[in-house]
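Enquirer: Below is one structure. I have some questions about it.
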Amino acid sequence: MKDDPQVRWAKGRTKSAETRTRDGGATAAALFITQITVALVNLPITILLARTLAPEGLGQYQLLNRSALIAISIACLGFPHAIAWASASAQSNYDRRSVVRTAMISTLVAAVLISLGAVIAVSTGLFDADPIVWWCFAGYAATNVAAANIVNYYRGILDIRSIAAIRLSQATLWLFSCLLLAAVGGLSIHSAAVAMVSAQALSLSVGLLKLHRQGSLVGSASRSNRTTIVRFSFRVFPGLAIREWSVHLDQIFIGLFLAAYDVGIYAVAASIALSLSLVSAPLTNTVQPVMQRCVANRETTAAKYFGASLVIVGIPALILAAFAGVLIPMVYGGAFQGSVAIAQILCLSAVPAALSACGQGLLLGMGAPGRGSFAAILGFTSSVVLWLVLIPLLGAIGAAWASVIGATLTSLAIAYFVARELGMRLGHLAGLTLKKIPIATAAIFRVGHGLVRDGMRRSFP
């Protein structure tokens, strides 16, 4: 009798999981390579858009893009992280198929919500954007949610190859399309929107094809865990949505109070600071499933992750802040000189933002998403109040300082709740984190040295 495709795939995954267990750094290293590759592919696109559209055009594009990202944060309803949690807990092929079915159903719900949002945006003439552009961004949002559900299914089982295939296919087509459009002088807000949704549709197709080959889309599936997934998603949804709003709504507020030019200036600064989150992504992507599987020494595990986040993000943040005055005009052009001071301020917020993301993953792994949601609400509320006060007074710089303060409050609240879940005091957790920084730093350099060594062996056998 021929084996079920998912049975064969599950056997291979079990074997690879055992290998990753023996070398915990391998998974984080593979994710790091994937994230850095995607970042390097996306960097020329950001530069092309900035140089082609200038601050005002880039500001209009960013208002549309941020609106789509906010729609994604609402329409996903917390399912991507719930799917990662459920796939990590699945014990049989029937349970895994059930997770995938739940992901597909949640995708349809998200598509309906996003379509309603697009109808509202078009009918009200929001940001004076062309209806076709709005529908392109709506298509991007819907396909992004679908691809995110699939990626998080693979994240839960730590299948890095599938994650890389899905993400890199999107980034590659996105880069190729923008380069071609720029070469023929056709890069604009309209053409960039079409290229973006096309690239996202490709990555979704890759994800669906992989699920089909593994036998995850068809066949019998359990229904016992679907209610549990829905409940978990609704518990995690507020915190994750508000965390996304904290990242993206600042530019919307600037657009409401100031001009599109100011949004473009701020967007370049924000892109510099947000690039730091890509450096910490391997940690934040693995902390939930690792903590979920961790039975003993949870305090040490949490401290190591916090310490690694401080090192991985803190050092690059200082470097970027120091060289922003040279880097931004040289890369993006003299028209973005006003982005320098804003970028230096936003680099400060990268560290607490990374700690918040790490702490949120720890809380998810310990089955306490509600505490992370409360912390996110606290920080977001403070950011909104500060945006309303500081943007009219200080302009875009006021928005940057508001983001720094809000991110700091969120990280402190999340760290407090992590300590509570671990049965520790916050001061004890902070002290243990500082003690683990040398160990975390050594582990980072050890993984990096291993990557270089393996690369040299492949190049010069």
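Ligands are numbered from 1 in the order shown, chains are lettered A, B, ... in the order of the structure tokens, and residues start at 1 in each chain.
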Which residues, written as a list of chain:residue names, have at least one atom at most 9 Å from Ile397 (chain A), with only C-alpha atoms counted and residues fewer than 6 positions away on the same chain left out?

Expert: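 Non-adjacent residues within range: A:Tyr266, A:Ala341, A:Ile342, A:Ile345, A:Leu390, A:Ile391.
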
Enquirer: Would you export the selected residues with N, CA, C and O atoms as a PDB file, in the first residue's frame, please?

Expert:
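Below is the file that was written, result_18.pdb:
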```pdb
ATOM      1  N   TYR A 266       9.550  60.676   6.821  1.00  0.00           N
ATOM      2  CA  TYR A 266       9.474  59.772   7.986  1.00  0.00           C
ATOM      3  C   TYR A 266       9.604  58.316   7.549  1.00  0.00           C
ATOM      4  O   TYR A 266      10.203  57.501   8.257  1.00  0.00           O
ATOM      5  N   ALA A 341      17.735  62.846  11.450  1.00  0.00           N
ATOM      6  CA  ALA A 341      17.445  62.972  12.884  1.00  0.00           C
ATOM      7  C   ALA A 341      16.324  62.034  13.312  1.00  0.00           C
ATOM      8  O   ALA A 341      16.370  61.431  14.401  1.00  0.00           O
ATOM      9  N   ILE A 342      15.320  61.857  12.463  1.00  0.00           N
ATOM     10  CA  ILE A 342      14.204  60.963  12.788  1.00  0.00           C
ATOM     11  C   ILE A 342      14.689  59.520  12.867  1.00  0.00           C
ATOM     12  O   ILE A 342      14.299  58.760  13.766  1.00  0.00           O
ATOM     13  N   ILE A 345      16.484  58.803  16.134  1.00  0.00           N
ATOM     14  CA  ILE A 345      15.548  58.633  17.253  1.00  0.00           C
ATOM     15  C   ILE A 345      14.866  57.269  17.180  1.00  0.00           C
ATOM     16  O   ILE A 345      14.749  56.555  18.186  1.00  0.00           O
ATOM     17  N   LEU A 390       2.210  65.400  20.284  1.00  0.00           N
ATOM     18  CA  LEU A 390       3.548  65.781  19.817  1.00  0.00           C
ATOM     19  C   LEU A 390       3.626  66.061  18.321  1.00  0.00           C
ATOM     20  O   LEU A 390       4.452  66.876  17.890  1.00  0.00           O
ATOM     21  N   ILE A 391       2.809  65.401  17.500  1.00  0.00           N
ATOM     22  CA  ILE A 391       2.895  65.652  16.050  1.00  0.00           C
ATOM     23  C   ILE A 391       2.513  67.094  15.709  1.00  0.00           C
ATOM     24  O   ILE A 391       3.239  67.758  14.955  1.00  0.00           O
TER      25      ILE A 391
END
```

Enquirer: Residues of region 311-381 of chain A within 12 Å of region 68-81 of chain A: nearest atom pair and distance (Å, one decimal) for each, counting only C-alpha atoms, sorted by chain and number, as JSON lines?

Expert:
```
{"residue": "A:Gln360", "atom": "CA", "partner": "A:His81", "partner_atom": "CA", "distance": 10.8}
{"residue": "A:Gly361", "atom": "CA", "partner": "A:His81", "partner_atom": "CA", "distance": 9.4}
{"residue": "A:Leu363", "atom": "CA", "partner": "A:His81", "partner_atom": "CA", "distance": 11.9}
{"residue": "A:Leu364", "atom": "CA", "partner": "A:His81", "partner_atom": "CA", "distance": 8.5}
{"residue": "A:Gly365", "atom": "CA", "partner": "A:His81", "partner_atom": "CA", "distance": 10.5}
{"residue": "A:Gly367", "atom": "CA", "partner": "A:His81", "partner_atom": "CA", "distance": 11.8}
{"residue": "A:Pro369", "atom": "CA", "partner": "A:His81", "partner_atom": "CA", "distance": 10.1}
{"residue": "A:Gly370", "atom": "CA", "partner": "A:Gly78", "partner_atom": "CA", "distance": 11.9}
{"residue": "A:Ser373", "atom": "CA", "partner": "A:Gly78", "partner_atom": "CA", "distance": 11.1}
```

Enquirer: Based on the selection just made, write N, CA and C atoms of those residues as a short mmCIF file (atom, residue, chain, number, x, y, z; two decimals), in the first residue's frame.

Expert:
```
data_model
loop_
_atom_site.label_atom_id
_atom_site.label_comp_id
_atom_site.auth_asym_id
_atom_site.auth_seq_id
_atom_site.Cartn_x
_atom_site.Cartn_y
_atom_site.Cartn_z
N GLN A 360 6.72 38.64 23.73
CA GLN A 360 5.42 38.16 23.22
C GLN A 360 5.52 36.71 22.81
N GLY A 361 6.62 36.34 22.15
CA GLY A 361 6.82 34.94 21.78
C GLY A 361 6.94 34.03 22.99
N LEU A 363 5.53 34.54 25.93
CA LEU A 363 4.19 34.41 26.51
C LEU A 363 3.32 33.47 25.68
N LEU A 364 3.46 33.53 24.36
CA LEU A 364 2.71 32.61 23.50
C LEU A 364 3.14 31.17 23.76
N GLY A 365 4.45 30.97 23.89
CA GLY A 365 4.96 29.63 24.16
C GLY A 365 4.51 29.09 25.50
N GLY A 367 1.59 29.79 26.75
CA GLY A 367 0.14 29.73 26.73
C GLY A 367 -0.54 30.88 27.44
N PRO A 369 -1.21 34.31 26.01
CA PRO A 369 -1.22 35.43 25.05
C PRO A 369 -1.97 36.65 25.57
N GLY A 370 -2.92 36.45 26.48
CA GLY A 370 -3.71 37.57 26.98
C GLY A 370 -2.87 38.61 27.70
N SER A 373 -1.25 40.81 25.21
CA SER A 373 -2.23 41.73 24.63
C SER A 373 -2.45 42.93 25.53
#
```

Enquirer: I need the residues in region 192-301 of chain A that are helix (DSSP H, G or I) according to DSSP; give them as an MDAnalysis selection string.

Expert: chainID A and resid 192:213 226:257 260:293 298:301

Enquirer: Tell me which of A:Arg213, A:Arg97, A:His248, A:Arg243 sits closest to Arg226 (chain A), counting only C-alpha atoms.

Expert: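 Of A:Arg213, A:Arg97, A:His248, A:Arg243, the one nearest Arg226 (chain A) is A:Arg97, counting only C-alpha atoms.
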
Enquirer: Quick one: residues within 9 Å of region 113-130 of chain A, only C-alpha atoms, excluding same-chain residues fewer than 3 positions away - as number ranges by chain?

Expert: A: 60, 63-64, 68, 71-72, 74-75, 108-110, 133-135, 137-139, 141-142, 190, 255

Enquirer: Between A:Leu40, A:Leu409, A:Cys347, A:Ala84, which one has atoms that come closest to Arg155 (chain A), using only C-alpha atoms?

Expert: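 Comparing A:Leu40, A:Leu409, A:Cys347, A:Ala84 against Arg155 (chain A), the winner is A:Ala84.
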
Enquirer: Which residues, written as a VMD selection string, have at least one atom at most 7 Å from region 431-435 of chain A, with only C-alpha atoms counted and residues fewer than 6 positions away on the same chain left out?

Expert: chain A and resid 303 to 304 306 to 307

Enquirer: Give me, as a PyMOL selection string, all polymer residues having an atom no more than 8 Å from Val151 (chain A), counting only C-alpha atoms and skipping those fewer than 6 positions away in the same chain.

Expert: chain A and resi 162-163+166+207

Enquirer: Which residue out of A:Ala335, A:Leu180, A:Ser198, A:Pro438 has the minimum interatomic distance to Val311 (chain A) when only C-alpha atoms are used?

Expert: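 Ranking A:Ala335, A:Leu180, A:Ser198, A:Pro438 by distance to Val311 (chain A), first place goes to A:Pro438.
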
Enquirer: Need the shell around Thr410 (chain A): protein/DNA/RNA residues with any atom at most 6 Å away, counting only C-alpha atoms. Skip same-chain ones fewer than 5 positions apart. Format as number ranges by chain?

Expert: A: 375-376, 379

Enquirer: How about saving the chosen residues, N, CA and C atoms kept, as a PDB file, in the first residue's frame?

Expert:
```
ATOM      1  N   ALA A 375      -0.322  44.232  27.678  1.00  0.00           N
ATOM      2  CA  ALA A 375       0.874  45.073  27.614  1.00  0.00           C
ATOM      3  C   ALA A 375       0.897  45.889  26.326  1.00  0.00           C
ATOM      4  N   ALA A 376       0.501  45.257  25.210  1.00  0.00           N
ATOM      5  CA  ALA A 376       0.482  45.971  23.934  1.00  0.00           C
ATOM      6  C   ALA A 376      -0.542  47.098  23.947  1.00  0.00           C
ATOM      7  N   GLY A 379       0.981  50.115  25.879  1.00  0.00           N
ATOM      8  CA  GLY A 379       1.948  50.880  25.102  1.00  0.00           C
ATOM      9  C   GLY A 379       1.323  51.614  23.942  1.00  0.00           C
TER      10      GLY A 379
END
```

Enquirer: Hey, what's within 9 Å of Gly395 (chain A) if we count only C-alpha atoms and toss same-chain stuff fewer than 6 positions away? As a list in words, please?

Expert: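 Answer for this query is Ile254, Phe257, Leu258 and Asp262 of chain A.
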
Enquirer: Just give me the gap between CA of Gly406 (chain A) and CA of Ser383 (chain A) in Å, one decimal is fine.

Expert: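 So the answer is 4.8 Å.
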
Enquirer: Counting only C-alpha atoms, which residues of region 118-191 of chain A fall within 10 Å of region 101-107 of chain A, and what is the closest atom pair for each with its distance in Å at one decimal, ordered by chain and rising number, as CSV?

Expert:
```
residue,atom,partner,partner_atom,distance
A:Ala142,CA,A:Thr107,CA,7.6
A:Thr143,CA,A:Thr107,CA,8.5
A:Asn144,CA,A:Thr107,CA,9.6
A:Val145,CA,A:Thr107,CA,6.5
A:Ala146,CA,A:Thr107,CA,5.3
A:Ala147,CA,A:Thr107,CA,9.0
A:Ala148,CA,A:Ala103,CA,9.5
A:Asn149,CA,A:Ala103,CA,5.8
A:Ile150,CA,A:Ala103,CA,7.3
A:Asn152,CA,A:Ala103,CA,9.6
A:Tyr153,CA,A:Ala103,CA,8.3
```

Enquirer: Include N, CA and C atoms and write out the residues we just selected as a PDB file, in the first residue's frame.

Expert:
```pdb
ATOM      1  N   ALA A 142      -4.916  40.503   1.015  1.00  0.00           N
ATOM      2  CA  ALA A 142      -5.554  39.184   1.094  1.00  0.00           C
ATOM      3  C   ALA A 142      -4.552  38.057   0.852  1.00  0.00           C
ATOM      4  N   THR A 143      -3.720  38.196  -0.168  1.00  0.00           N
ATOM      5  CA  THR A 143      -2.729  37.156  -0.451  1.00  0.00           C
ATOM      6  C   THR A 143      -1.650  37.117   0.620  1.00  0.00           C
ATOM      7  N   ASN A 144      -1.362  38.273   1.231  1.00  0.00           N
ATOM      8  CA  ASN A 144      -0.377  38.311   2.306  1.00  0.00           C
ATOM      9  C   ASN A 144      -0.865  37.507   3.510  1.00  0.00           C
ATOM     10  N   VAL A 145      -2.144  37.670   3.871  1.00  0.00           N
ATOM     11  CA  VAL A 145      -2.701  36.906   4.993  1.00  0.00           C
ATOM     12  C   VAL A 145      -2.653  35.414   4.699  1.00  0.00           C
ATOM     13  N   ALA A 146      -3.019  35.036   3.478  1.00  0.00           N
ATOM     14  CA  ALA A 146      -3.014  33.622   3.109  1.00  0.00           C
ATOM     15  C   ALA A 146      -1.602  33.035   3.189  1.00  0.00           C
ATOM     16  N   ALA A 147      -0.622  33.751   2.638  1.00  0.00           N
ATOM     17  CA  ALA A 147       0.761  33.273   2.683  1.00  0.00           C
ATOM     18  C   ALA A 147       1.285  33.234   4.113  1.00  0.00           C
ATOM     19  N   ALA A 148       0.896  34.229   4.922  1.00  0.00           N
ATOM     20  CA  ALA A 148       1.331  34.257   6.320  1.00  0.00           C
ATOM     21  C   ALA A 148       0.794  33.059   7.093  1.00  0.00           C
ATOM     22  N   ASN A 149      -0.431  32.664   6.821  1.00  0.00           N
ATOM     23  CA  ASN A 149      -0.988  31.483   7.481  1.00  0.00           C
ATOM     24  C   ASN A 149      -0.173  30.233   7.156  1.00  0.00           C
ATOM     25  N   ILE A 150       0.214  30.096   5.890  1.00  0.00           N
ATOM     26  CA  ILE A 150       0.998  28.929   5.483  1.00  0.00           C
ATOM     27  C   ILE A 150       2.394  28.981   6.084  1.00  0.00           C
ATOM     28  N   ASN A 152       3.352  30.437   8.798  1.00  0.00           N
ATOM     29  CA  ASN A 152       3.304  30.176  10.235  1.00  0.00           C
ATOM     30  C   ASN A 152       2.996  28.716  10.544  1.00  0.00           C
ATOM     31  N   TYR A 153       2.294  28.038   9.639  1.00  0.00           N
ATOM     32  CA  TYR A 153       2.130  26.593   9.806  1.00  0.00           C
ATOM     33  C   TYR A 153       3.496  25.918   9.781  1.00  0.00           C
TER      34      TYR A 153
END
```

Enquirer: Find the distance between CA of Ala308 (chain A) and CA of Leu355 (chain A) and write it in Å to one decimal.

Expert: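 About the pair CA of Ala308 (chain A) and CA of Leu355 (chain A): they are 9.6 Å apart.
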
Enquirer: So, with only C-alpha atoms as the atoms that count, which of A:Gly156, A:Gly314, A:Pro238, A:Pro329 lies closest to Gln292 (chain A)?

Expert: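 For Gln292 (chain A), the nearest of the candidates is A:Gly156.
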